[in-house]
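**Student:** Quick one, model.txt (compact mmCIF, C-alpha atoms):
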# COMPACT_ATOMS: atom_id res chain seq x y z
CA MET A 1 0.00 0.00 0.00
CA ARG A 2 1.35 3.39 -0.97
CA ARG A 3 1.69 5.70 2.02
CA LYS A 4 0.02 9.10 1.98
CA LEU A 5 3.05 11.09 3.10
CA PRO A 6 4.38 14.55 2.24
CA SER A 7 7.99 14.93 1.16
CA THR A 8 10.65 15.15 3.83
CA GLN A 9 11.94 18.33 2.16
CA ALA A 10 8.56 19.99 2.65
CA LEU A 11 8.37 18.79 6.26
CA ASN A 12 11.90 19.99 6.98
CA CYS A 13 11.14 23.46 5.59
CA PHE A 14 7.86 23.65 7.49
CA GLU A 15 9.46 22.57 10.79
CA ALA A 16 12.22 25.18 10.49
CA ALA A 17 9.77 27.92 9.51
CA ALA A 18 7.46 27.00 12.39
CA ARG A 19 10.32 26.96 14.88
CA HIS A 20 11.68 30.34 13.77
CA GLN A 21 8.28 31.85 12.91
CA SER A 22 10.08 33.15 9.84
CA PHE A 23 10.61 31.89 6.31
CA THR A 24 13.73 34.01 6.03
CA ARG A 25 15.45 32.56 9.10
CA ALA A 26 14.36 29.06 8.11
CA ALA A 27 15.96 29.60 4.70
CA GLN A 28 19.19 30.75 6.33
CA GLU A 29 19.29 27.66 8.54
CA LEU A 30 18.59 25.29 5.64
CA ASN A 31 20.87 27.10 3.17
CA LEU A 32 17.94 27.71 0.81
CA THR A 33 16.30 30.79 -0.58
CA GLN A 34 13.32 32.32 1.15
CA GLY A 35 11.27 31.58 -1.93
CA ALA A 36 12.21 27.91 -1.88
CA VAL A 37 11.08 27.55 1.72
CA SER A 38 7.84 29.39 0.97
CA ARG A 39 7.14 27.12 -2.02
CA GLN A 40 7.78 23.97 0.00
CA VAL A 41 5.40 25.12 2.73
CA ALA A 42 2.78 25.95 0.08
CA VAL A 43 3.22 22.45 -1.41
CA LEU A 44 2.70 20.97 2.05
CA GLU A 45 -0.44 23.05 2.66
CA ASP A 46 -1.83 21.95 -0.73
CA PHE A 47 -1.07 18.33 0.12
CA LEU A 48 -2.78 18.56 3.51
CA GLY A 49 -5.60 20.82 2.42
CA VAL A 50 -5.08 22.83 5.61
CA PRO A 51 -3.52 26.30 6.04
CA LEU A 52 -0.49 26.11 8.33
CA PHE A 53 0.45 29.80 8.43
CA ARG A 54 -1.46 33.07 8.15
CA ARG A 55 -0.15 36.51 7.33
CA THR A 56 -0.27 39.33 9.87
CA GLN A 57 1.01 42.89 9.95
CA HIS A 58 4.17 41.56 11.58
CA GLY A 59 4.79 38.61 9.26
CA MET A 60 3.72 34.97 9.34
CA VAL A 61 2.23 33.13 12.30
CA LEU A 62 1.14 29.53 12.69
CA THR A 63 -2.52 28.67 12.60
CA PRO A 64 -3.76 26.51 15.51
CA ALA A 65 -3.68 23.48 13.21
CA GLY A 66 -0.19 24.46 12.05
CA ALA A 67 1.09 24.77 15.62
CA ASP A 68 -0.24 21.35 16.54
CA TYR A 69 1.16 19.77 13.34
CA ALA A 70 4.55 21.44 13.87
CA ARG A 71 4.88 19.81 17.29
CA HIS A 72 4.26 16.35 15.84
CA VAL A 73 6.49 16.92 12.81
CA SER A 74 9.36 18.09 15.02
CA GLN A 75 9.12 14.91 17.12
CA ARG A 76 9.07 12.68 14.03
CA LEU A 77 12.00 14.44 12.38
CA ASP A 78 14.01 14.21 15.61
CA ALA A 79 13.30 10.48 15.74
CA LEU A 80 14.31 10.00 12.09
CA GLU A 81 17.56 11.89 12.74
CA ARG A 82 18.34 9.78 15.82
CA ASP A 83 17.68 6.58 13.88
CA ALA A 84 19.93 7.69 11.02
CA VAL A 85 22.78 8.76 13.32
CA GLU A 86 22.52 5.53 15.29
CA LEU A 87 22.56 3.38 12.16
CA MET A 88 25.56 5.25 10.80
CA GLY A 89 27.35 4.87 14.13
CA ARG A 90 26.72 1.13 14.23
CA ARG A 91 27.45 0.77 10.50
CA GLY A 92 24.48 -1.55 10.27
CA GLN A 93 25.83 -3.99 12.85
CA GLY A 94 23.90 -5.27 15.86
CA ASP A 95 20.60 -3.99 17.23
CA SER A 96 19.41 -1.34 19.66
CA LEU A 97 16.71 -0.83 22.22
CA THR A 98 15.20 2.33 23.70
CA LEU A 99 13.94 2.01 27.26
CA ALA A 100 12.02 4.43 29.44
CA ALA A 101 12.85 4.06 33.11
CA VAL A 102 12.19 5.63 36.45
CA PRO A 103 15.50 7.46 36.89
CA THR A 104 16.72 6.41 40.33
CA PHE A 105 16.07 2.72 39.65
CA ALA A 106 17.95 3.05 36.37
CA THR A 107 20.99 4.77 37.88
CA ARG A 108 21.12 2.87 41.18
CA TRP A 109 20.12 -0.66 40.17
CA LEU A 110 19.87 -1.28 36.42
CA ILE A 111 22.78 0.56 34.80
CA PRO A 112 25.43 -0.84 37.21
CA ARG A 113 24.37 -4.33 36.02
CA LEU A 114 24.38 -3.61 32.28
CA HIS A 115 28.00 -4.71 31.91
CA ARG A 116 26.73 -8.28 32.30
CA LEU A 117 24.26 -7.78 29.46
CA ALA A 118 27.03 -6.26 27.35
CA ALA A 119 29.18 -9.33 27.98
CA GLU A 120 26.35 -11.59 26.77
CA GLN A 121 25.14 -9.37 23.93
CA PRO A 122 28.04 -7.14 22.80
CA ASP A 123 26.16 -5.93 19.70
CA LEU A 124 23.07 -4.77 21.60
CA LEU A 125 22.87 -1.06 22.42
CA VAL A 126 20.48 0.10 25.14
CA HIS A 127 19.35 3.74 25.15
CA PHE A 128 17.50 5.32 28.07
CA GLU A 129 14.85 7.99 28.50
CA THR A 130 13.36 9.15 31.80
CA ARG A 131 9.66 8.53 32.38
CA THR A 132 7.94 8.34 35.76
CA ARG A 133 4.33 7.99 34.60
CA PRO A 134 2.45 5.89 32.00
CA PHE A 135 2.52 7.15 28.41
CA LEU A 136 1.42 6.09 24.94
CA PHE A 137 4.04 3.96 23.21
CA THR A 138 2.59 4.93 19.82
CA ASP A 139 3.62 8.56 20.42
CA THR A 140 7.27 7.70 21.08
CA GLY A 141 10.16 5.65 19.76
CA ILE A 142 10.32 3.79 23.07
CA ASP A 143 10.32 -0.02 22.96
CA ALA A 144 9.55 -0.72 26.63
CA ALA A 145 9.48 0.91 30.06
CA ILE A 146 10.71 -0.11 33.48
CA TRP A 147 8.00 1.29 35.72
CA ALA A 148 7.20 1.22 39.42
CA GLY A 149 3.68 1.12 40.78
CA THR A 150 0.81 -1.05 41.95
CA ALA A 151 -0.90 -3.76 39.91
CA GLN A 152 -4.10 -1.71 40.02
CA GLN A 153 -2.35 1.32 38.53
CA LEU A 154 -0.75 -0.86 35.89
CA GLN A 155 -4.11 -2.22 34.76
CA GLN A 156 -5.01 1.29 33.61
CA TRP A 157 -2.08 1.33 31.15
CA ALA A 158 -4.10 0.15 28.16
CA GLY A 159 -2.66 -1.77 25.24
CA THR A 160 0.34 -3.09 27.13
CA GLN A 161 1.64 -6.28 28.68
CA ALA A 162 3.80 -6.34 31.78
CA THR A 163 6.40 -8.66 33.23
CA HIS A 164 6.79 -8.52 37.00
CA LEU A 165 10.42 -7.92 37.95
CA MET A 166 10.53 -7.49 41.71
CA ASP A 167 8.52 -6.27 44.68
CA GLU A 168 9.56 -3.15 46.50
CA ASP A 169 10.07 -2.76 50.25
CA VAL A 170 10.34 0.76 51.67
CA LEU A 171 12.10 1.72 54.90
CA PRO A 172 12.57 5.00 56.81
CA VAL A 173 16.19 6.17 56.51
CA CYS A 174 18.02 9.32 57.54
CA SER A 175 21.38 10.83 58.31
CA PRO A 176 22.89 9.39 61.53
CA ARG A 177 23.04 12.99 62.78
CA LEU A 178 19.24 12.96 63.25
CA LEU A 179 19.26 10.02 65.68
CA THR A 180 20.36 10.53 69.26
CA GLY A 181 23.24 8.16 69.88
CA GLY A 182 22.61 6.64 66.46
CA GLN A 183 19.72 4.63 67.93
CA GLU A 184 16.59 3.74 65.96
CA VAL A 185 13.33 5.32 67.08
CA GLU A 186 9.79 4.04 67.46
CA PRO A 187 7.13 5.01 64.88
CA HIS A 188 5.38 7.46 67.23
CA VAL A 189 8.69 9.32 67.68
CA LEU A 190 9.30 9.28 63.95
CA ALA A 191 5.91 10.95 63.44
CA GLN A 192 7.30 14.07 65.14
CA MET A 193 10.45 14.26 62.99
CA PRO A 194 10.76 16.17 59.69
CA LEU A 195 9.51 13.90 56.90
CA LEU A 196 10.74 14.09 53.31
CA GLN A 197 8.04 13.51 50.71
CA GLN A 198 8.15 11.81 47.30
CA ALA A 199 6.18 13.86 44.76
CA THR A 200 5.05 10.81 42.81
CA ARG A 201 3.93 9.02 46.00
CA PRO A 202 2.17 11.66 48.10
CA GLU A 203 0.51 9.17 50.47
CA ALA A 204 3.54 6.95 51.10
CA TRP A 205 4.22 8.16 54.64
CA ARG A 206 0.54 7.99 55.60
CA GLN A 207 0.41 4.37 54.41
CA TRP A 208 3.53 3.54 56.41
CA PHE A 209 2.19 5.08 59.64
CA ASP A 210 -1.20 3.39 59.11
CA ALA A 211 0.60 0.05 58.83
CA GLN A 212 2.30 0.77 62.19
CA GLY A 213 -0.99 1.74 63.84
CA VAL A 214 0.31 5.26 64.55
CA ASP A 215 -1.68 8.48 64.24
CA ALA A 216 0.53 10.93 62.32
CA PRO A 217 -1.24 14.20 61.45
CA ARG A 218 1.92 15.49 59.71
CA ALA A 219 2.42 12.37 57.57
CA MET A 220 1.90 14.30 54.32
CA ALA A 221 3.75 17.44 55.39
CA GLY A 222 7.31 18.28 54.43
CA PRO A 223 9.34 19.17 51.35
CA ARG A 224 8.57 17.20 48.20
CA TYR A 225 11.09 15.80 45.73
CA GLU A 226 10.43 14.55 42.22
CA LEU A 227 13.16 11.89 42.23
CA PHE A 228 14.27 9.38 44.84
CA SER A 229 17.87 10.43 44.19
CA MET A 230 16.94 13.96 45.32
CA GLN A 231 15.20 12.59 48.38
CA ALA A 232 18.23 10.46 49.25
CA ALA A 233 20.50 13.48 48.92
CA ALA A 234 18.21 15.52 51.17
CA ALA A 235 18.20 12.73 53.76
CA MET A 236 22.00 12.48 53.71
CA SER A 237 22.15 16.24 54.26
CA GLY A 238 20.12 15.89 57.44
CA LEU A 239 16.98 17.59 56.14
CA GLY A 240 14.68 14.86 57.37
CA VAL A 241 13.68 11.21 57.20
CA ALA A 242 13.07 9.62 53.80
CA LEU A 243 10.87 6.61 53.08
CA MET A 244 13.06 4.89 50.50
CA PRO A 245 12.95 1.63 48.57
CA THR A 246 15.76 -0.36 50.17
CA LEU A 247 17.21 -1.50 46.84
CA LEU A 248 17.90 2.14 45.89
CA VAL A 249 19.99 3.05 48.94
CA GLN A 250 22.05 -0.09 49.50
CA ASP A 251 25.35 1.73 48.98
CA GLU A 252 24.43 4.59 51.32
CA LEU A 253 23.35 2.19 54.06
CA ALA A 254 26.52 0.14 53.65
CA SER A 255 28.73 3.24 53.90
CA GLY A 256 26.86 4.75 56.85
CA ALA A 257 25.85 7.88 54.93
CA LEU A 258 22.28 6.79 55.71
CA VAL A 259 21.02 4.70 58.60
CA VAL A 260 17.72 2.99 59.28
CA ALA A 261 15.55 5.29 61.38
CA CYS A 262 12.97 2.62 62.23
CA ALA A 263 13.43 -1.01 61.18
CA ARG A 264 9.85 -1.61 60.13
CA PRO A 265 9.68 -2.01 56.36
CA LEU A 266 6.44 -1.69 54.45
CA LYS A 267 6.45 -4.68 52.14
CA ALA A 268 5.27 -5.13 48.57
CA GLN A 269 2.88 -2.19 48.25
CA ARG A 270 4.46 -1.51 44.85
CA ALA A 271 6.56 -3.46 42.38
CA TYR A 272 8.80 -2.94 39.36
CA TYR A 273 7.57 -4.09 35.97
CA LEU A 274 8.86 -4.24 32.42
CA VAL A 275 5.99 -2.76 30.42
CA GLN A 276 5.80 -3.07 26.64
CA PRO A 277 3.24 -2.78 23.84
CA GLN A 278 0.94 -5.77 23.72
CA VAL A 279 1.91 -6.67 20.17
CA GLY A 280 5.06 -6.59 18.06
CA GLU A 281 7.89 -7.53 20.43
CA ARG A 282 11.23 -6.96 18.74
CA PRO A 283 13.99 -9.60 19.10
CA ALA A 284 16.19 -7.08 20.94
CA LEU A 285 13.44 -6.52 23.51
CA ALA A 286 12.95 -10.27 23.98
CA VAL A 287 16.69 -10.60 24.68
CA PHE A 288 16.62 -7.75 27.20
CA ARG A 289 13.48 -9.06 28.90
CA GLU A 290 15.01 -12.50 29.37
CA TRP A 291 18.18 -10.96 30.80
CA VAL A 292 16.54 -8.53 33.23
CA VAL A 293 14.19 -11.24 34.50
CA ARG A 294 17.22 -13.39 35.26
CA GLU A 295 18.83 -10.48 37.08
CA CYS A 296 15.73 -10.06 39.21
CA GLY A 297 15.18 -13.77 39.74
CA SER A 298 11.57 -13.51 38.55
CA PRO A 299 9.46 -15.86 36.40
CA ALA A 300 9.93 -15.15 32.72
CA ASP A 301 6.29 -15.11 31.57
CA PRO A 302 4.37 -11.82 31.29
CA SER A 303 2.26 -11.52 34.39
CA TRP A 304 -0.87 -10.30 32.64
CA ARG A 305 -2.15 -8.38 29.66
CA GLN A 306 -4.63 -5.52 29.38
Would you put the structure from the file into structure tokens?

**Tutor:**
Amino acid sequence: MRRKLPSTQALNCFEAAARHQSFTRAAQELNLTQGAVSRQVAVLEDFLGVPLFRRTQHGMVLTPAGADYARHVSQRLDALERDAVELMGRRGQGDSLTLAAVPTFATRWLIPRLHRLAAEQPDLLVHFETRTRPFLFTDTGIDAAIWAGTAQQLQQWAGTQATHLMDEDVLPVCSPRLLTGGQEVEPHVLAQMPLLQQATRPEAWRQWFDAQGVDAPRAMAGPRYELFSMQAAAAMSGLGVALMPTLLVQDELASGALVVACARPLKAQRAYYLVQPQVGERPALAVFREWVVRECGSPADPSWRQ
């Protein structure tokens, strides 16, 4: 079937003109004449049957449809450029995979283990993007995502299948400077200490105190951090107590930079999953999935499909 696609030259001229809001500056960037850029945009408008720019007293501005189309075109051209550069860099050898991952898990747990994957699959390249919330795979060039959450939350991520990797235990940790004599405290004492909050898990502390049977009116108060790595840094600086997944602060606990404030973990409220589109698994993704499941010691079959 023949695709109904405009020329890449027309798209390139339109994207540059939209970005600069100027045919002249777009022409300078592309080393073309202003007239050539204008003609290419006109060809694109004729092809689409939709005006992309309108004239004003101050020049050309995007129409609402043009602004929306420019955003999508820019993303697609960026992806095409990345694919071309990657292929040229690999000279056609091997395969690659693009993963989205929650950042602290990627930097603290996954990436330090990738040397073992590289030893098994030296021709496989793994690229990373940061994502902390569900997204549409069709809108990205991402092959799969390593995501943390509950099974109920995961069921709302339509059109995907998920492989369970590991459960997550969370534990209150802090700088040893916050504990008198370096001694752990009881939950009711912890409720009076400054609590560091995770922006993506606003009720985490409340759930922990509920599990301990402790009334903590200030459970949701305190500074919020987008990433666990930020929260860990704040805890090490003595700003408060952080409720951290234990697998993300193993090095800090081993070195003494962080200590356990109260040895009562909250078990398996959340888990880590490898999430991928329900159809069309690439061989490179199958290889990675098998490897990461082995690293986690989990069963290899997808846990469920939506």

**Student:** Quick one, how far is CA of Val279 (chain A) from CA of Gly159 (chain A)?

**Tutor:**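 Spanning CA of Val279 (chain A) to CA of Gly159 (chain A) is a straight-line distance of 8.4 Å.
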
**Student:** CA of Tyr273 (chain A) to CA of Asp95 (chain A): how many Å, to one decimal?

**Tutor:**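 Atom-to-atom, CA of Tyr273 (chain A) to CA of Asp95 (chain A), that is 22.8 Å.
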
**Student:** Can you tell me which residues surround Gln276 (chain A) at a distance of at most 6 Å, considering only C-alpha atoms, apart from same-chain residues fewer than 4 positions away, and format the answer as a ChimeraX atom specification?

**Tutor:** /A:144,160-161

**Student:** Would you mind telling me which residue in A:Pro217, A:Arg264, A:Trp291, A:Ala36 lies nearest to Gln121 (chain A) when using only C-alpha atoms?

**Tutor:** A:Trp291

**Student:** Can you list, as number ranges by chain, every protein, DNA or RNA residue that comes within 12 Å of Ala211 (chain A) when you count all atoms listed in the file, leaving out same-chain residues fewer than 6 positions away?

**Tutor:** A: 187, 204-205, 264-267, 269

**Student:** Could you give me, as a PyMOL selection string, the residues within 9 Å of Asn12 (chain A), counting all atoms listed in the file and dropping anything in the same chain fewer than 6 positions from it?

**Tutor:** chain A and resi 30+73-74+77

**Student:** Atoms to include: C-alpha atoms. Write the selected residues as a compact mmCIF listing (two decimals), in the coordinates of the input.

**Tutor:**
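Saved as part26.txt:
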# COMPACT_ATOMS: atom_id res chain seq x y z
CA LEU A 30 18.59 25.29 5.64
CA VAL A 73 6.49 16.92 12.81
CA SER A 74 9.36 18.09 15.02
CA LEU A 77 12.00 14.44 12.38

**Student:** Can you tell me which residues surround Thr104 (chain A) at a distance of at most 7 Å, considering all atoms listed in the file, apart from same-chain residues fewer than 6 positions away, and format the answer as number ranges by chain?

**Tutor:** A: 227-229

**Student:** From the options A:Leu114, A:Leu80, A:Val50, A:Ile146, which residue's atoms come nearest to Arg131 (chain A), counting all atoms listed in the file?

**Tutor:**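 Checking each candidate against Arg131 (chain A), we get A:Ile146 as the closest.
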
**Student:** Could you tell me which of A:Arg116, A:Leu52, A:Gln28, A:Leu11 comes closest to Arg76 (chain A) if we count only C-alpha atoms?

**Tutor:**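 With only C-alpha atoms as the atom set, the closest residue is A:Leu11.
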
**Student:** Do you have the CA of Ala16 (chain A)-CA of Glu29 (chain A) distance handy?

**Tutor:**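 It comes out at 7.7 Å.
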
**Student:** With all atoms listed in the file as the counted atoms, please give the residues lying no more than 10 Å from Glu129 (chain A), apart from itself and same-chain residues fewer than 5 positions off, as a list of chain:residue names.

**Tutor:**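 Using all atoms listed in the file, the neighbours found are A:Thr98, A:Leu99, A:Ala100, A:Ala101, A:Val102, A:Pro103, A:Ala106, A:Ile142, A:Ala145.
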